[in-house]
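Only one structure is covered here, and it is reproduced in the block below.
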Amino acid sequence: MNLPNKLTLLRIILVPFVLVFMLPIPFQLPAFASWNAFIMGYGQIIALVIFIAASLTDLLDGAIARSQNLVTNLGKFLDPIADKMLVISVLIALVQNTRIHALVAIIIIIREFMVTGIRLLASDHGVVIAAGQLGKIKTVTQIIAISLMMVERLVLMLLEPVAPALAANYHWVGDGAMLIAVVMTIVSGYDYIKRNLHFLHG
């Protein structure tokens, strides 16, 4: 396994660590109270750091693969799966933490199911479809939006003592970024289906 594929695999491995520091333990027991309090505070910052590290592997694996001619079918297959695992897992965690509406996650998940379905049809024809440019832009907008939402608790801790009015409206930054991500999700999904529609006629 070459270096880009190892970085992709690392991104998959980091997903549960992000979730560990994002989601409180669901059992209402005194033993978990201090841990859950930590998770809803500084734990979110740790989750953000791991999420950004995982996201950076997405940039690195592609850059290394292209510059050193290490593009493989395994990489084309694993890379989008790793992206989906990272983004969808964190989106569901944000729904659980009541930061985003479930409809946001539903739109993104449905798009990914449709794209995956077409990939499976293409694989029946011996074709491995690499991520397109719009798909890459979509992933970047999702990662930016998620990062802005994950950093909110830290920003609010810093802003509330000095600029309470600004802190009260800061959530619009994340909301706006997520709106852009959802639009790009729909646009890139439409483009993907349009370009690969011929696989549906096989």
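So you can find residues: chains in the structure tokens are A, B, ... in the order shown, residues in each start at 1, and ligands are numbered from 1 in order.
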
May I have a table of the residues of segment 49-164 of chain A lying at most 9 Å from segment 19-38 of chain A, giving each one's closest pair of atoms and their distance in Å to one decimal, counting only C-alpha atoms, ordered by chain and ascending residue number, as a tab-separated table?
residue	atom	partner	partner_atom	distance
A:Ser89	CA	A:Leu19	CA	7.6
A:Val90	CA	A:Leu19	CA	7.0
A:Ala93	CA	A:Leu23	CA	6.5
A:Leu94	CA	A:Met22	CA	8.3
A:Gln96	CA	A:Leu23	CA	7.8
A:Asn97	CA	A:Leu23	CA	7.5
A:Met150	CA	A:Met22	CA	8.9

May I have the selected residues written with all heavy atoms, as a PDB file, in the first residue's frame?
ATOM      1  N   SER A  89     -20.372  11.158   9.439  1.00  0.00           N
ATOM      2  CA  SER A  89     -20.315  10.857  10.877  1.00  0.00           C
ATOM      3  C   SER A  89     -20.410  12.126  11.708  1.00  0.00           C
ATOM      4  O   SER A  89     -21.176  12.196  12.683  1.00  0.00           O
ATOM      5  CB  SER A  89     -19.013  10.116  11.204  1.00  0.00           C
ATOM      6  OG  SER A  89     -18.965   8.871  10.568  1.00  0.00           O
ATOM      7  N   VAL A  90     -19.648  13.142  11.320  1.00  0.00           N
ATOM      8  CA  VAL A  90     -19.648  14.391  12.088  1.00  0.00           C
ATOM      9  C   VAL A  90     -20.972  15.139  11.919  1.00  0.00           C
ATOM     10  O   VAL A  90     -21.472  15.749  12.863  1.00  0.00           O
ATOM     11  CB  VAL A  90     -18.456  15.285  11.681  1.00  0.00           C
ATOM     12  CG1 VAL A  90     -18.511  16.616  12.409  1.00  0.00           C
ATOM     13  CG2 VAL A  90     -17.145  14.571  11.998  1.00  0.00           C
ATOM     14  N   ALA A  93     -23.354  13.627  14.241  1.00  0.00           N
ATOM     15  CA  ALA A  93     -23.009  14.057  15.603  1.00  0.00           C
ATOM     16  C   ALA A  93     -23.513  15.484  15.858  1.00  0.00           C
ATOM     17  O   ALA A  93     -23.992  15.791  16.955  1.00  0.00           O
ATOM     18  CB  ALA A  93     -21.495  13.983  15.806  1.00  0.00           C
ATOM     19  N   LEU A  94     -23.434  16.343  14.845  1.00  0.00           N
ATOM     20  CA  LEU A  94     -23.937  17.717  14.987  1.00  0.00           C
ATOM     21  C   LEU A  94     -25.461  17.736  15.131  1.00  0.00           C
ATOM     22  O   LEU A  94     -26.017  18.582  15.833  1.00  0.00           O
ATOM     23  CB  LEU A  94     -23.506  18.571  13.785  1.00  0.00           C
ATOM     24  CG  LEU A  94     -22.024  18.942  13.737  1.00  0.00           C
ATOM     25  CD1 LEU A  94     -21.672  19.600  12.398  1.00  0.00           C
ATOM     26  CD2 LEU A  94     -21.648  19.878  14.893  1.00  0.00           C
ATOM     27  N   GLN A  96     -27.112  15.227  16.529  1.00  0.00           N
ATOM     28  CA  GLN A  96     -27.279  14.723  17.901  1.00  0.00           C
ATOM     29  C   GLN A  96     -27.075  15.838  18.922  1.00  0.00           C
ATOM     30  O   GLN A  96     -27.791  15.917  19.930  1.00  0.00           O
ATOM     31  CB  GLN A  96     -26.281  13.587  18.148  1.00  0.00           C
ATOM     32  CG  GLN A  96     -26.201  13.095  19.584  1.00  0.00           C
ATOM     33  CD  GLN A  96     -27.425  12.316  20.009  1.00  0.00           C
ATOM     34  OE1 GLN A  96     -28.153  11.814  19.158  1.00  0.00           O
ATOM     35  NE2 GLN A  96     -27.650  12.214  21.306  1.00  0.00           N
ATOM     36  N   ASN A  97     -26.116  16.721  18.631  1.00  0.00           N
ATOM     37  CA  ASN A  97     -25.830  17.832  19.553  1.00  0.00           C
ATOM     38  C   ASN A  97     -26.718  19.044  19.293  1.00  0.00           C
ATOM     39  O   ASN A  97     -26.455  20.124  19.828  1.00  0.00           O
ATOM     40  CB  ASN A  97     -24.357  18.237  19.433  1.00  0.00           C
ATOM     41  CG  ASN A  97     -23.426  17.180  20.019  1.00  0.00           C
ATOM     42  OD1 ASN A  97     -23.844  16.349  20.825  1.00  0.00           O
ATOM     43  ND2 ASN A  97     -22.168  17.205  19.610  1.00  0.00           N
ATOM     44  N   MET A 150     -17.855  23.451  14.648  1.00  0.00           N
ATOM     45  CA  MET A 150     -17.157  22.791  15.747  1.00  0.00           C
ATOM     46  C   MET A 150     -16.346  23.774  16.591  1.00  0.00           C
ATOM     47  O   MET A 150     -16.113  23.531  17.778  1.00  0.00           O
ATOM     48  CB  MET A 150     -16.245  21.694  15.200  1.00  0.00           C
ATOM     49  CG  MET A 150     -16.998  20.515  14.600  1.00  0.00           C
ATOM     50  SD  MET A 150     -15.906  19.270  13.862  1.00  0.00           S
ATOM     51  CE  MET A 150     -15.188  18.524  15.324  1.00  0.00           C
TER      52      MET A 150
END

Item to check | Contacts of segment 3-16 of chain A within 10 Å, only C-alpha atoms, excl. fewer than 3 positions in-chain, as JSON, numbers by chain | outcome: {"A": [19, 20, 21, 22, 47, 50, 51, 53, 54, 55, 56, 57, 58, 59, 60, 61, 62, 63, 64, 65, 66, 68, 70, 71, 72, 74, 75, 76, 77, 78, 79, 80, 81, 82, 83, 84, 85, 86, 87, 89, 90]}

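Residue nearest Arg195 of chain A within the list A:Leu134, A:Val140, A:Ile180, A:Ala167: A:Leu134 [criterion: smallest interatomic distance, only C-alpha atoms].
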
Item to check | Those of chain A in DSSP helix (DSSP H, G or I), formatted as a ChimeraX atom specification | outcome: /A:3-20,30-67,73-96,102-124,133-150,152-159,164-169,171-195,197-201

Could you give me, as a Markdown table, every segment 111-164 of chain A residue with an atom at most 7 Å from segment 181-189 of chain A, plus its closest atom pair and distance in Å to one decimal, counting only C-alpha atoms, rows ordered by chain then number?
| residue | atom | partner | partner_atom | distance |
| --- | --- | --- | --- | --- |
| A:Arg111 | CA | A:Gly189 | CA | 6.0 |
| A:Leu134 | CA | A:Ser188 | CA | 5.2 |
| A:Gly135 | CA | A:Ser188 | CA | 5.5 |
| A:Lys138 | CA | A:Met184 | CA | 5.2 |
| A:Thr141 | CA | A:Ala181 | CA | 4.9 |
| A:Gln142 | CA | A:Ala181 | CA | 5.0 |
| A:Ala145 | CA | A:Ala181 | CA | 6.9 |

For the selection just defined, write its residues with N, CA, C and O atoms to a file, as a CSV table (one decimal), in the first residue's frame.
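In the end it all went to result.csv:
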chain,number,residue,atom,x,y,z
A,111,ARG,N,-27.5,12.3,-1.3
A,111,ARG,CA,-26.6,12.6,-2.4
A,111,ARG,C,-25.5,11.6,-2.5
A,111,ARG,O,-25.2,11.0,-3.5
A,134,LEU,N,-16.2,19.4,-9.1
A,134,LEU,CA,-17.3,19.9,-8.2
A,134,LEU,C,-17.4,19.1,-7.0
A,134,LEU,O,-17.7,19.7,-5.9
A,135,GLY,N,-17.2,17.8,-7.1
A,135,GLY,CA,-17.2,17.0,-5.9
A,135,GLY,C,-16.2,17.4,-4.9
A,135,GLY,O,-16.4,17.3,-3.7
A,138,LYS,N,-17.3,20.5,-3.3
A,138,LYS,CA,-18.3,20.2,-2.3
A,138,LYS,C,-17.7,19.7,-1.0
A,138,LYS,O,-18.2,20.2,0.1
A,141,THR,N,-16.2,22.6,1.0
A,141,THR,CA,-17.2,23.5,1.6
A,141,THR,C,-17.8,22.8,2.8
A,141,THR,O,-18.1,23.5,3.8
A,142,GLN,N,-18.0,21.5,2.7
A,142,GLN,CA,-18.6,20.8,3.9
A,142,GLN,C,-17.6,20.8,5.0
A,142,GLN,O,-18.0,21.0,6.2
A,145,ALA,N,-17.6,24.3,6.6
A,145,ALA,CA,-18.8,24.5,7.4
A,145,ALA,C,-18.8,23.8,8.7
A,145,ALA,O,-19.1,24.3,9.8

Item to check | Residue among A:Val115, A:Leu166, A:Val18, A:Gln133 lying closest to Ile46 of chain A, counting only C-alpha atoms | outcome: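 Of all the options, A:Val18 lies closest to Ile46 of chain A.
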
Item to check | Among the residues A:Arg99, A:Leu121, A:Gly126, A:Ile193, the one that comes closest to His171 of chain A [using only C-alpha atoms] | outcome: A:Arg99

Next on the checklist: Please determine, counting only C-alpha atoms, which residue among A:Val155, A:Met40, A:Ile100, A:Ala122 has the shortest atom-to-atom distance to Met178 of chain A.
Outcome noted: A:Ile100

Checklist entry - Rounded to one decimal in Å, what is the spacing between atom CA of Ile129 of chain A and atom CA of Ile110 of chain A? => result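 Straight-line distance from atom CA of Ile129 of chain A to atom CA of Ile110 of chain A works out to 18.5 Å.
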
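Take atom CA of Ser123 of chain A and atom CA of Ile108 of chain A: the distance between them is 22.5 Å.
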